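Trainee: As input, take target.cif (mmCIF, C-alpha atoms):
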```cif
data_structure
#
loop_
_atom_site.label_atom_id
_atom_site.label_comp_id
_atom_site.auth_asym_id
_atom_site.auth_seq_id
_atom_site.Cartn_x
_atom_site.Cartn_y
_atom_site.Cartn_z
CA MET A 396 0.00 0.00 0.00
CA THR A 397 1.39 3.42 -0.86
CA ALA A 398 1.52 6.18 1.74
CA LEU A 399 -1.95 7.36 2.75
CA ASP A 400 -3.08 10.67 4.05
CA PRO A 401 -3.86 10.35 7.78
CA GLU A 402 -7.65 10.57 7.46
CA ARG A 403 -7.82 8.00 4.70
CA LYS A 404 -5.47 5.72 6.61
CA ARG A 405 -7.61 5.90 9.74
CA ALA A 406 -10.81 5.27 7.79
CA LEU A 407 -9.34 2.30 5.96
CA PHE A 408 -7.94 0.87 9.17
CA GLU A 409 -11.27 1.19 10.93
CA ALA A 410 -13.05 -0.50 8.04
CA THR A 411 -10.51 -3.27 7.53
CA ALA A 412 -8.93 -4.11 10.87
CA LEU A 413 -11.21 -3.03 13.71
CA PRO A 414 -14.11 -5.35 12.74
CA LEU A 415 -11.77 -8.16 13.80
CA THR A 416 -11.67 -6.98 17.43
CA THR A 417 -13.75 -9.88 18.73
CA VAL A 418 -11.69 -12.43 16.82
CA LEU A 419 -8.45 -11.01 18.18
CA TYR A 420 -9.84 -10.75 21.69
CA ASN A 421 -10.91 -14.40 21.76
CA THR A 422 -7.54 -15.56 20.46
CA ALA A 423 -5.75 -13.31 22.95
CA LEU A 424 -7.94 -14.54 25.78
CA ARG A 425 -7.11 -18.15 24.97
CA LEU A 426 -3.41 -17.34 24.74
CA THR A 427 -3.14 -15.31 27.94
CA GLY A 428 -5.94 -16.81 30.01
CA ALA A 429 -6.95 -13.43 31.49
CA SER A 430 -9.34 -10.81 30.19
CA ALA A 431 -7.20 -7.83 31.24
CA ASP A 432 -4.10 -9.28 29.58
CA ALA A 433 -6.10 -10.13 26.47
CA SER A 434 -7.41 -6.55 26.23
CA ASP A 435 -3.90 -5.12 26.57
CA LEU A 436 -2.63 -7.52 23.92
CA VAL A 437 -5.41 -6.60 21.49
CA GLN A 438 -4.88 -2.88 22.03
CA GLU A 439 -1.13 -3.20 21.44
CA THR A 440 -1.78 -5.33 18.35
CA PHE A 441 -4.03 -2.70 16.78
CA LEU A 442 -1.58 0.07 17.66
CA ARG A 443 1.32 -1.84 16.07
CA ALA A 444 -0.80 -2.69 13.04
CA TYR A 445 -1.83 0.95 12.65
CA ARG A 446 1.77 2.13 12.72
CA THR A 447 2.69 -0.31 9.98
CA PHE A 448 -0.56 -0.26 8.04
CA GLU A 449 1.27 0.81 4.88
CA ASN A 450 2.89 -2.64 4.88
CA PHE A 451 -0.47 -4.38 4.65
CA SER A 452 -1.71 -5.21 1.16
CA LEU A 453 -5.42 -4.47 0.88
CA GLY A 454 -7.28 -7.50 -0.38
CA THR A 455 -5.01 -9.97 1.40
CA ASN A 456 -5.91 -11.76 4.61
CA CYS A 457 -6.16 -9.04 7.25
CA LYS A 458 -6.99 -11.55 9.98
CA ALA A 459 -3.80 -13.51 9.28
CA TRP A 460 -1.78 -10.28 9.31
CA LEU A 461 -3.25 -9.14 12.63
CA LEU A 462 -2.82 -12.56 14.21
CA THR A 463 0.83 -12.53 13.11
CA ILE A 464 1.34 -9.26 14.96
CA LEU A 465 -0.64 -10.42 17.98
CA TYR A 466 1.35 -13.62 18.37
CA SER A 467 4.65 -11.80 17.89
CA ILE A 468 3.79 -9.35 20.68
CA HIS A 469 2.57 -12.15 22.92
CA ILE A 470 5.75 -14.18 22.50
CA ASN A 471 7.94 -11.14 23.11
CA GLN A 472 5.97 -10.26 26.23
CA GLN A 473 6.49 -13.79 27.49
CA LYS A 474 10.21 -13.54 26.88
CA ARG A 475 10.40 -10.27 28.75
CA ALA A 476 8.52 -11.85 31.61
CA GLN A 477 11.10 -14.64 31.54
CA HIS A 478 8.50 -17.18 30.76
CA ALA A 479 10.32 -18.04 27.58
CA ALA A 480 10.73 -21.70 28.36
CA ILE A 481 7.67 -22.85 26.48
CA SER A 482 7.71 -26.54 27.10
CA LEU A 483 6.15 -29.04 24.84
CA PRO A 484 4.95 -32.33 26.20
CA SER A 485 7.13 -35.30 25.47
CA GLU A 486 6.50 -37.14 22.26
CA ALA A 487 4.21 -39.51 24.11
CA LEU A 488 1.52 -38.93 21.55
CA GLU A 489 3.16 -40.87 18.84
CA ALA A 490 2.61 -40.32 15.21
CA ARG A 491 1.17 -43.72 14.52
CA PRO A 492 -2.47 -44.52 15.12
CA ASP A 493 -3.00 -46.01 18.57
CA GLU A 494 -5.35 -48.72 19.67
CA ASN A 495 -6.11 -47.50 23.13
CA ALA A 496 -8.33 -44.52 22.56
CA ALA A 497 -12.05 -44.66 22.02
CA GLY A 498 -13.71 -44.96 18.69
CA GLY A 499 -13.25 -48.72 18.41
CA ASP A 500 -16.39 -50.47 19.43
CA GLN A 501 -17.51 -47.32 21.20
CA ARG A 502 -19.31 -44.52 19.47
CA LEU A 503 -17.96 -41.02 19.87
CA PRO A 504 -20.68 -38.70 21.13
CA GLU A 505 -22.11 -35.90 19.07
CA LEU A 506 -20.42 -32.63 19.84
CA ASP A 507 -22.62 -29.63 20.39
CA GLU A 508 -22.52 -26.31 22.20
CA ARG A 509 -22.81 -28.04 25.58
CA TRP A 510 -19.23 -29.15 25.02
CA GLY A 511 -17.94 -25.59 24.59
CA PRO A 512 -16.75 -24.97 28.16
CA GLU A 513 -15.10 -28.38 28.28
CA VAL A 514 -13.31 -27.78 24.97
CA ASP A 515 -12.16 -24.41 26.33
CA ARG A 516 -10.71 -26.10 29.41
CA ALA A 517 -9.03 -28.78 27.30
CA LEU A 518 -7.51 -26.09 25.09
CA ALA A 519 -6.20 -24.22 28.13
CA ASP A 520 -4.42 -27.39 29.27
CA LEU A 521 -2.44 -27.65 26.03
CA ALA A 522 1.16 -26.45 25.94
CA GLU A 523 1.14 -23.03 24.36
CA PRO A 524 2.60 -23.90 20.94
CA LEU A 525 0.03 -26.69 20.57
CA ARG A 526 -2.78 -24.37 21.64
CA ALA A 527 -1.61 -21.70 19.22
CA ALA A 528 -1.71 -24.17 16.34
CA ILE A 529 -5.32 -25.09 17.14
CA LEU A 530 -6.34 -21.45 17.62
CA LEU A 531 -5.09 -20.37 14.25
CA VAL A 532 -5.91 -23.38 12.07
CA ASP A 533 -9.04 -24.94 13.57
CA ILE A 534 -10.67 -21.91 15.13
CA GLU A 535 -9.55 -19.02 12.95
CA GLN A 536 -9.40 -21.18 9.82
CA LEU A 537 -6.03 -19.96 8.60
CA SER A 538 -4.29 -22.16 6.07
CA TYR A 539 -1.27 -24.12 7.28
CA GLU A 540 0.90 -21.65 5.37
CA GLU A 541 -0.73 -18.56 6.88
CA ALA A 542 -0.59 -20.02 10.37
CA ALA A 543 3.06 -21.01 9.94
CA VAL A 544 3.98 -17.47 8.97
CA ALA A 545 1.95 -16.03 11.86
CA LEU A 546 3.63 -18.30 14.36
CA GLY A 547 7.11 -18.03 12.83
CA TRP A 548 7.43 -21.77 12.34
CA PRO A 549 8.20 -23.90 9.28
CA VAL A 550 5.06 -25.50 7.84
CA GLY A 551 6.30 -28.94 8.88
CA THR A 552 6.51 -27.82 12.50
CA LEU A 553 3.00 -26.38 12.32
CA ARG A 554 1.68 -29.65 10.88
CA SER A 555 3.37 -31.74 13.54
CA ARG A 556 2.24 -29.53 16.43
CA LEU A 557 -1.28 -29.38 15.09
CA PHE A 558 -1.40 -33.16 15.01
CA ARG A 559 -0.13 -33.46 18.55
CA ALA A 560 -2.57 -30.78 19.69
CA ARG A 561 -5.55 -32.58 18.16
CA LYS A 562 -4.44 -35.89 19.65
CA GLN A 563 -4.12 -34.36 23.09
CA LEU A 564 -7.43 -32.55 22.74
CA PHE A 565 -9.05 -35.81 21.76
CA ALA A 566 -7.55 -37.60 24.77
CA THR A 567 -8.80 -34.93 27.18
CA LEU A 568 -12.28 -34.79 25.71
CA GLU A 569 -12.50 -38.54 25.55
CA GLY A 570 -11.69 -38.65 29.27
CA TYR A 571 -14.48 -36.18 29.89
CA ALA A 572 -16.86 -38.19 27.73
CA ARG A 573 -16.11 -41.33 29.72
CA ALA A 574 -16.47 -39.55 33.07
CA THR A 575 -19.82 -38.08 32.15
CA GLY A 576 -21.23 -41.14 30.44
CA TYR A 577 -21.33 -39.55 27.00
CA LEU A 578 -19.18 -42.32 25.61
CA ARG A 579 -21.18 -45.42 25.12
CA LYS A 580 -21.17 -48.74 23.35
CA PRO A 581 -23.20 -48.83 20.19
CA VAL A 582 -26.57 -50.42 20.48
CA ARG A 583 -26.28 -53.87 19.05
CA PRO A 584 -29.30 -55.73 17.70
CA GLU A 585 -30.56 -58.54 19.93
CA MET B 1362 -2.37 -49.23 -2.29
CA THR B 1363 -0.75 -48.37 1.06
CA ALA B 1364 0.34 -51.67 2.58
CA HIS B 1365 1.52 -50.22 5.89
CA HIS B 1366 -0.29 -47.87 8.22
CA PRO B 1367 0.36 -44.27 7.21
CA LEU B 1368 1.73 -41.86 9.76
CA GLY B 1369 -0.91 -40.11 11.80
CA GLU B 1370 0.15 -36.77 10.34
CA GLU B 1371 -0.66 -38.09 6.88
CA ILE B 1372 -4.12 -39.10 8.09
CA GLN B 1373 -4.42 -35.55 9.33
CA ASP B 1374 -3.42 -34.31 5.87
CA PHE B 1375 -6.26 -36.44 4.53
CA ALA B 1376 -8.71 -34.91 7.03
CA ASP B 1377 -7.54 -31.42 6.08
CA ALA B 1378 -7.67 -32.11 2.31
CA ARG B 1379 -3.96 -31.50 1.87
CA LEU B 1380 -3.04 -34.63 -0.07
CA THR B 1381 -2.50 -34.90 -3.80
CA PRO B 1382 -5.40 -36.60 -5.58
CA ALA B 1383 -3.30 -39.72 -6.19
CA ARG B 1384 -2.18 -40.01 -2.58
CA ARG B 1385 -5.69 -39.27 -1.39
CA GLU B 1386 -7.09 -42.14 -3.47
CA ASP B 1387 -4.39 -44.43 -2.17
CA LEU B 1388 -5.18 -43.55 1.42
CA GLU B 1389 -8.92 -43.86 0.84
CA ARG B 1390 -8.39 -47.44 -0.26
CA HIS B 1391 -6.32 -48.12 2.85
CA LEU B 1392 -8.88 -46.51 5.15
CA ALA B 1393 -11.65 -48.62 3.65
CA THR B 1394 -9.92 -51.76 4.86
CA CYS B 1395 -8.12 -50.62 8.00
CA PRO B 1396 -10.28 -50.04 11.10
CA GLN B 1397 -7.29 -48.76 13.07
CA CYS B 1398 -6.54 -45.92 10.66
CA SER B 1399 -10.24 -45.21 10.16
CA ARG B 1400 -10.57 -44.73 13.90
CA GLU B 1401 -7.56 -42.41 13.89
CA LEU B 1402 -9.24 -40.32 11.21
CA GLU B 1403 -12.46 -40.27 13.21
CA ARG B 1404 -10.63 -39.12 16.36
CA LEU B 1405 -8.83 -36.31 14.55
CA ARG B 1406 -12.06 -35.11 12.97
CA TRP B 1407 -13.86 -35.32 16.31
CA ALA B 1408 -11.20 -33.21 18.04
CA LYS B 1409 -11.31 -30.71 15.21
CA GLN B 1410 -15.10 -30.50 15.35
CA GLY B 1411 -14.95 -29.88 19.09
CA THR B 1412 -13.44 -26.46 18.58
CA ALA B 1413 -16.39 -25.46 16.39
CA HIS B 1414 -18.51 -25.29 19.54
CA LEU B 1415 -16.28 -23.03 21.56
CA PRO B 1416 -18.12 -20.12 23.14
CA MET B 1417 -17.33 -16.69 21.68
CA HIS B 1418 -16.45 -14.22 24.40
CA GLU B 1419 -17.48 -10.61 23.97
CA PRO B 1420 -14.64 -8.14 24.49
CA PRO B 1421 -14.94 -5.88 27.54
CA PRO B 1422 -17.22 -2.93 26.76
CA ASP B 1423 -14.40 -0.40 27.19
CA LEU B 1424 -12.01 -2.09 24.76
CA PRO B 1425 -13.19 -0.34 21.55
CA ALA B 1426 -12.85 3.03 23.27
CA ARG B 1427 -9.37 2.13 24.52
CA ILE B 1428 -8.31 1.15 21.01
CA ALA B 1429 -9.77 4.34 19.54
CA GLN B 1430 -7.92 6.39 22.16
CA ALA B 1431 -4.64 4.64 21.35
CA LEU B 1432 -5.12 5.34 17.63
CA ASP B 1433 -6.00 8.99 18.37
CA ASN B 1434 -2.80 9.34 20.37
CA GLU B 1435 -0.86 7.76 17.54
CA ASP B 1436 -2.43 10.16 15.02
CA ARG B 1437 -1.50 13.14 17.20
CA ARG B 1438 2.02 11.85 17.69
CA GLY B 1439 2.37 11.17 14.00
CA SER B 1440 1.31 14.66 13.01
CA HIS B 1441 4.09 16.17 15.16
CA ALA B 1442 6.88 13.69 14.62
CA SER B 1443 9.36 13.65 11.78
CA PRO B 1444 9.26 10.59 9.52
CA LEU B 1445 12.55 9.40 11.00
CA ARG B 1446 11.23 9.67 14.55
CA ARG B 1447 8.08 7.83 13.59
CA TYR B 1448 10.15 5.05 12.11
CA LEU B 1449 12.22 4.82 15.23
CA LEU B 1450 9.27 4.40 17.59
CA PRO B 1451 10.45 1.33 19.44
CA ALA B 1452 8.51 -1.85 19.00
CA ALA B 1453 7.97 -3.90 22.09
CA GLY B 1454 10.08 -6.99 22.16
CA VAL B 1455 12.62 -5.92 19.59
CA LEU B 1456 14.36 -3.25 21.61
CA ALA B 1457 17.79 -4.68 20.98
CA ALA B 1458 17.22 -4.83 17.25
CA ALA B 1459 15.67 -1.36 17.29
CA ALA B 1460 18.74 0.02 19.06
CA ALA B 1461 20.87 -1.46 16.33
CA VAL B 1462 18.63 0.10 13.72
CA VAL B 1463 18.99 3.53 15.34
CA MET B 1464 22.73 3.27 14.89
CA LEU B 1465 22.47 1.93 11.38
CA VAL B 1466 19.89 4.45 10.21
CA SER B 1467 22.19 7.28 11.17
CA ARG B 1468 24.36 6.39 8.20
CA GLY B 1469 21.75 7.59 5.73
CA PRO B 1470 18.87 6.20 3.73
CA ARG B 1471 20.88 4.67 0.89
CA ASP B 1472 23.17 2.74 3.16
CA LEU B 1473 22.80 -0.99 2.54
CA PRO B 1474 23.71 -2.14 6.07
CA SER B 1475 21.08 0.30 7.36
CA ALA B 1476 18.52 -1.06 4.95
CA VAL B 1477 19.08 -4.71 5.82
CA GLY B 1478 19.02 -3.75 9.51
CA ARG B 1479 15.69 -2.03 9.06
CA ASP B 1480 14.30 -5.07 7.24
CA PHE B 1481 15.53 -7.39 9.98
CA ALA B 1482 13.87 -5.25 12.66
CA ALA B 1483 10.65 -4.98 10.64
CA TYR B 1484 10.53 -8.75 10.21
CA GLY B 1485 11.17 -9.23 13.94
CA ARG B 1486 8.22 -7.07 14.91
CA ALA B 1487 5.99 -8.60 12.22
CA ALA B 1488 5.83 -5.37 10.25
CA LEU B 1489 7.37 -7.12 7.25
CA SER B 1490 5.59 -10.31 6.31
CA LEU B 1491 6.67 -13.27 4.23
CA ASP B 1492 4.86 -14.00 0.96
CA THR B 1493 5.17 -17.73 1.34
CA ALA B 1494 5.89 -20.10 4.21
CA SER B 1495 8.03 -23.08 3.35
CA GLY B 1496 10.97 -25.00 4.70
CA ASP B 1497 11.80 -26.25 1.22
CA GLY B 1498 14.79 -24.35 -0.17
CA PRO B 1499 14.56 -25.52 -3.81
CA ALA B 1500 10.83 -24.72 -3.81
CA LEU B 1501 11.61 -21.19 -2.67
CA GLU B 1502 14.26 -20.82 -5.37
CA ARG B 1503 11.57 -21.80 -7.92
CA TYR B 1504 9.21 -19.33 -6.26
CA PHE B 1505 11.70 -16.50 -6.71
CA ALA B 1506 12.17 -17.45 -10.37
CA ARG B 1507 8.39 -17.55 -10.93
CA ARG B 1508 8.05 -14.15 -9.33
CA GLY B 1509 10.40 -12.76 -11.97
CA LEU B 1510 13.65 -12.11 -10.11
CA ALA B 1511 16.23 -11.70 -12.86
CA PHE B 1512 19.05 -13.38 -10.99
CA ARG B 1513 19.56 -16.89 -9.72
CA THR B 1514 18.98 -17.40 -6.00
CA ARG B 1515 20.47 -19.96 -3.64
CA VAL B 1516 18.35 -20.65 -0.58
CA PHE B 1517 20.70 -22.13 1.99
CA ASP B 1518 20.01 -25.27 3.96
CA LEU B 1519 21.11 -24.31 7.46
CA GLY B 1520 19.46 -27.25 9.21
CA MET B 1521 22.81 -28.66 10.30
CA MET B 1522 23.59 -25.32 11.92
CA GLY B 1523 20.32 -25.30 13.85
CA TYR B 1524 18.36 -22.90 11.67
CA GLY B 1525 15.10 -23.92 10.04
CA LEU B 1526 13.81 -22.13 6.98
CA VAL B 1527 10.55 -20.28 7.66
CA GLY B 1528 9.63 -18.68 4.33
CA ALA B 1529 10.40 -15.98 1.83
CA ARG B 1530 9.27 -12.84 0.09
CA VAL B 1531 10.20 -10.93 -3.02
CA HIS B 1532 11.34 -7.70 -1.47
CA GLN B 1533 12.55 -4.23 -2.33
CA LEU B 1534 15.81 -3.58 -0.53
CA ASP B 1535 16.27 0.16 -0.62
CA GLY B 1536 14.81 0.20 -4.12
CA ARG B 1537 16.51 -2.97 -5.42
CA PRO B 1538 14.55 -6.17 -6.07
CA SER B 1539 15.77 -8.72 -3.58
CA ALA B 1540 15.10 -12.29 -2.57
CA LEU B 1541 14.49 -12.32 1.17
CA PHE B 1542 14.24 -15.52 3.16
CA ALA B 1543 14.09 -16.03 6.91
CA TYR B 1544 15.19 -18.71 9.34
CA ARG B 1545 14.31 -19.49 12.93
CA GLY B 1546 17.06 -20.95 15.13
CA VAL B 1547 16.67 -23.63 17.77
CA ASP B 1548 17.35 -20.93 20.35
CA ASP B 1549 14.52 -18.89 18.80
CA ARG B 1550 16.93 -16.47 17.15
CA THR B 1551 16.10 -15.09 13.75
CA LEU B 1552 18.35 -15.03 10.71
CA VAL B 1553 17.40 -13.13 7.56
CA CYS B 1554 19.16 -13.53 4.23
CA GLN B 1555 18.80 -11.25 1.23
CA MET B 1556 20.21 -11.56 -2.28
CA PHE B 1557 20.20 -8.82 -4.90
CA GLU B 1558 22.14 -7.73 -7.93
CA GLY B 1559 24.89 -5.31 -7.06
CA SER B 1560 28.42 -5.01 -5.82
CA LEU B 1561 30.32 -4.75 -2.56
CA ASP B 1562 31.51 -1.35 -3.81
CA GLN B 1563 28.04 -0.08 -2.92
CA LEU B 1564 28.73 -0.69 0.76
CA PRO B 1565 29.77 2.26 2.90
CA GLN B 1566 33.22 2.67 4.41
CA GLY B 1567 33.72 1.06 7.76
CA GLY B 1568 32.88 -2.40 8.87
CA GLU B 1569 35.42 -5.15 8.76
CA ALA B 1570 36.85 -6.79 5.63
CA ARG B 1571 37.86 -10.44 5.78
CA GLU B 1572 38.77 -13.09 3.26
CA HIS B 1573 37.91 -16.76 3.57
CA ASN B 1574 38.40 -19.45 0.91
CA GLY B 1575 39.21 -16.73 -1.61
CA ILE B 1576 35.94 -14.88 -0.98
CA GLU B 1577 35.81 -11.31 0.32
CA PHE B 1578 33.43 -10.67 3.19
CA ARG B 1579 32.34 -7.31 4.60
CA ILE B 1580 31.06 -7.41 8.16
CA PHE B 1581 29.05 -4.70 9.89
CA LYS B 1582 28.25 -5.01 13.60
CA GLU B 1583 26.09 -2.66 15.57
CA HIS B 1584 24.73 -3.24 19.04
CA GLY B 1585 24.25 -6.94 18.74
CA LEU B 1586 23.12 -7.02 15.10
CA THR B 1587 25.57 -8.46 12.58
CA ALA B 1588 25.35 -8.18 8.80
CA VAL B 1589 27.77 -10.19 6.65
CA PHE B 1590 27.97 -9.37 2.92
CA TRP B 1591 29.68 -11.28 0.13
CA MET B 1592 29.40 -11.65 -3.66
CA GLU B 1593 28.39 -14.66 -5.75
CA GLY B 1594 28.81 -13.62 -9.38
CA SER B 1595 26.77 -10.48 -9.85
CA VAL B 1596 24.66 -11.19 -6.78
CA VAL B 1597 25.30 -9.71 -3.36
CA CYS B 1598 24.34 -12.00 -0.48
CA VAL B 1599 23.86 -10.79 3.07
CA LEU B 1600 23.08 -12.63 6.28
CA VAL B 1601 21.72 -10.57 9.17
CA SER B 1602 21.03 -11.77 12.68
CA ASP B 1603 21.03 -10.83 16.32
CA ALA B 1604 22.88 -14.08 17.04
CA PRO B 1605 26.47 -13.75 18.32
CA GLY B 1606 28.43 -11.95 15.60
CA GLU B 1607 31.03 -14.62 15.04
CA ASP B 1608 28.28 -17.24 14.64
CA VAL B 1609 26.78 -15.20 11.82
CA VAL B 1610 30.18 -14.88 10.18
CA GLN B 1611 30.75 -18.63 10.42
CA LEU B 1612 27.35 -19.30 8.84
CA ALA B 1613 28.33 -17.05 5.94
CA TYR B 1614 31.71 -18.79 5.63
CA ALA B 1615 29.97 -22.16 5.56
CA LYS B 1616 27.52 -21.24 2.82
CA ALA B 1617 29.38 -18.79 0.58
CA VAL B 1618 30.47 -20.18 -2.77
CA LYS B 1619 33.13 -18.68 -5.01
CA VAL B 1620 31.61 -18.07 -8.45
#
```
Translate the structure described by the file into structure tokens.
Mentor:
Amino acid sequence: MTALDPERKRALFEATALPLTTVLYNTALRLTGASADASDLVQETFLRAYRTFENFSLGTNCKAWLLTILYSIHINQQKRAQHAAISLPSEALEARPDENAAGGDQRLPELDERWGPEVDRALADLAEPLRAAILLVDIEQLSYEEAAVALGWPVGTLRSRLFRARKQLFATLEGYARATGYLRKPVRPE
Amino acid sequence: MTAHHPLGEEIQDFADARLTPARREDLERHLATCPQCSRELERLRWAKQGTAHLPMHEPPPDLPARIAQALDNEDRRGSHASPLRRYLLPAAGVLAAAAAVVMLVSRGPRDLPSAVGRDFAAYGRAALSLDTASGDGPALERYFARRGLAFRTRVFDLGMMGYGLVGARVHQLDGRPSALFAYRGVDDRTLVCQMFEGSLDQLPQGGEAREHNGIEFRIFKEHGLTAVFWMEGSVVCVLVSDAPGEDVVQLAYAKAVKV
């Protein structure tokens, strides 16, 4: 985008970026876990985006651009707070299909909005890089390539972390389904 | 047909429609006869569907006003600040790189070390985005060719040195078309490489000149940011990073080729 006069820049920014406030806030909330921190992160993201708005190409994916900025700020804030040691779980969730989880002779329950709070809790339990992969690909529907750029990872890393995240999410939700009786054997004919 | 179980990540590729048609057909045939892999697919889809039912939280009522106030302040600041001062507004999290940029910018706008320093800082604070994400060097070289760069690029494989390729963009380096590609190190450091047609004669005085394996290198270091330039034919290559300076130099030594 070429240089804009200030009024035009502000108008374009308000029309293009600000409608994504709720999207950014929900992502920020799930990254930080606290409403006040999420609000600060969103405000800083918009400020940073506004300062560099000339670098954004109109017509490209504004959500991906804003999420890239948001995640960059979040990671840098974590480093400053000396929480940089983002640990990933061990490779216990192996890449090959396993036999132990449900879905064999048991039917997975239908997922509906009643599961929302439980999914939120399961997401919060994921290591941050795994949670970030789910947030951007499954929730915000970015392509692998867009999410990889936003997170600063190679696409292969994004793919691998997304897989591990989904496996862990499945394991947690399956545990919940068992505990609450949602998971049941299929009805077999007499 | 796939005789062995595919890796779970490939089943995920199937669920996300990322396989080639031929591989997809192959896997479909396998899934039709393999309950274990079919269950894996079902589990991945189930987990993915779960996130579709997440509640959407409304932002706090005062957040839009806070954002508007921040933008107003920025507008007021912008109307009083010189373009240079506006550029130098420090970005959170890249203070070290920004400090380096302050020093480099003072050399003048047409100074190549300044320009690559600015690009490095902009990439670090996400103000400069990549056009394509890929860890595949040859694919990025083809990408640069498709995008019309008139010179041949060499995207380095730095995996053995602990740097993974993140992606690339066709860039304008101080008015010159350049191939820019970025790496992320195992220690989370960033390394940016640019290639463009030119000559080392275009570099300013100062810096350090070294020779290694018959290749001339020009090294500029400022406040923790190191830029190493060398020539390959008519192409200038530069590696820039906030990694320890000598590490950056050694990376350049390892990858530079005499043409």
Trainee: For the structure provided, state which residues fall under the PyMOL selection byres ((chain A) within 8 of (chain B)), and present them as a VMD selection string.
Mentor: chain A and resid 401 416 to 417 420 to 421 430 434 438 441 to 447 450 460 463 to 464 467 to 468 471 to 472 475 490 to 494 498 to 499 503 506 to 512 514 to 515 533 to 534 540 to 541 543 to 544 547 to 551 554 to 555 558 561 to 562 564 to 565 568
Trainee: I'd like to see the residues matched by the PyMOL selection byres ((chain B and resi 1615) around 12) on this file, and ideally I'd get them as a ChimeraX atom specification.
Mentor: /B:1517-1519,1521-1522,1573-1574,1576,1600,1608-1614,1616-1619
Trainee: When the PyMOL selection byres ((chain A and resi 527) around 10) is applied to the file above, which residues end up in the set, as a list of chain:residue names?
Mentor: A:Thr422, A:Arg425, A:Leu426, A:Tyr466, A:Leu518, A:Leu521, A:Ala522, A:Glu523, A:Pro524, A:Leu525, A:Arg526, A:Ala528, A:Ile529, A:Leu530, A:Leu531, A:Val532, A:Asp533, A:Ile534, A:Ala542, A:Ala545, A:Leu546, A:Leu553, A:Arg556, A:Leu557, A:Ala560
Trainee: Measuring atom to atom with only C-alpha atoms, identify which of A:Leu465, A:Asp432, A:Lys474, A:Phe408 is nearest to Glu449 in chain A.
Mentor: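 Using only C-alpha atoms, Glu449 in chain A sits closest to A:Phe408.
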Trainee: Report the distance between CA of Val1516 in chain B and CA of Asp1480 in chain B in Å, rounded to one decimal place.
Mentor: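 According to the coordinates, CA of Val1516 in chain B and CA of Asp1480 in chain B are separated by 17.9 Å.
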Trainee: Any idea what the distance is between CA of Phe1590 in chain B and CA of Arg1503 in chain B?
Mentor: 23.3 Å
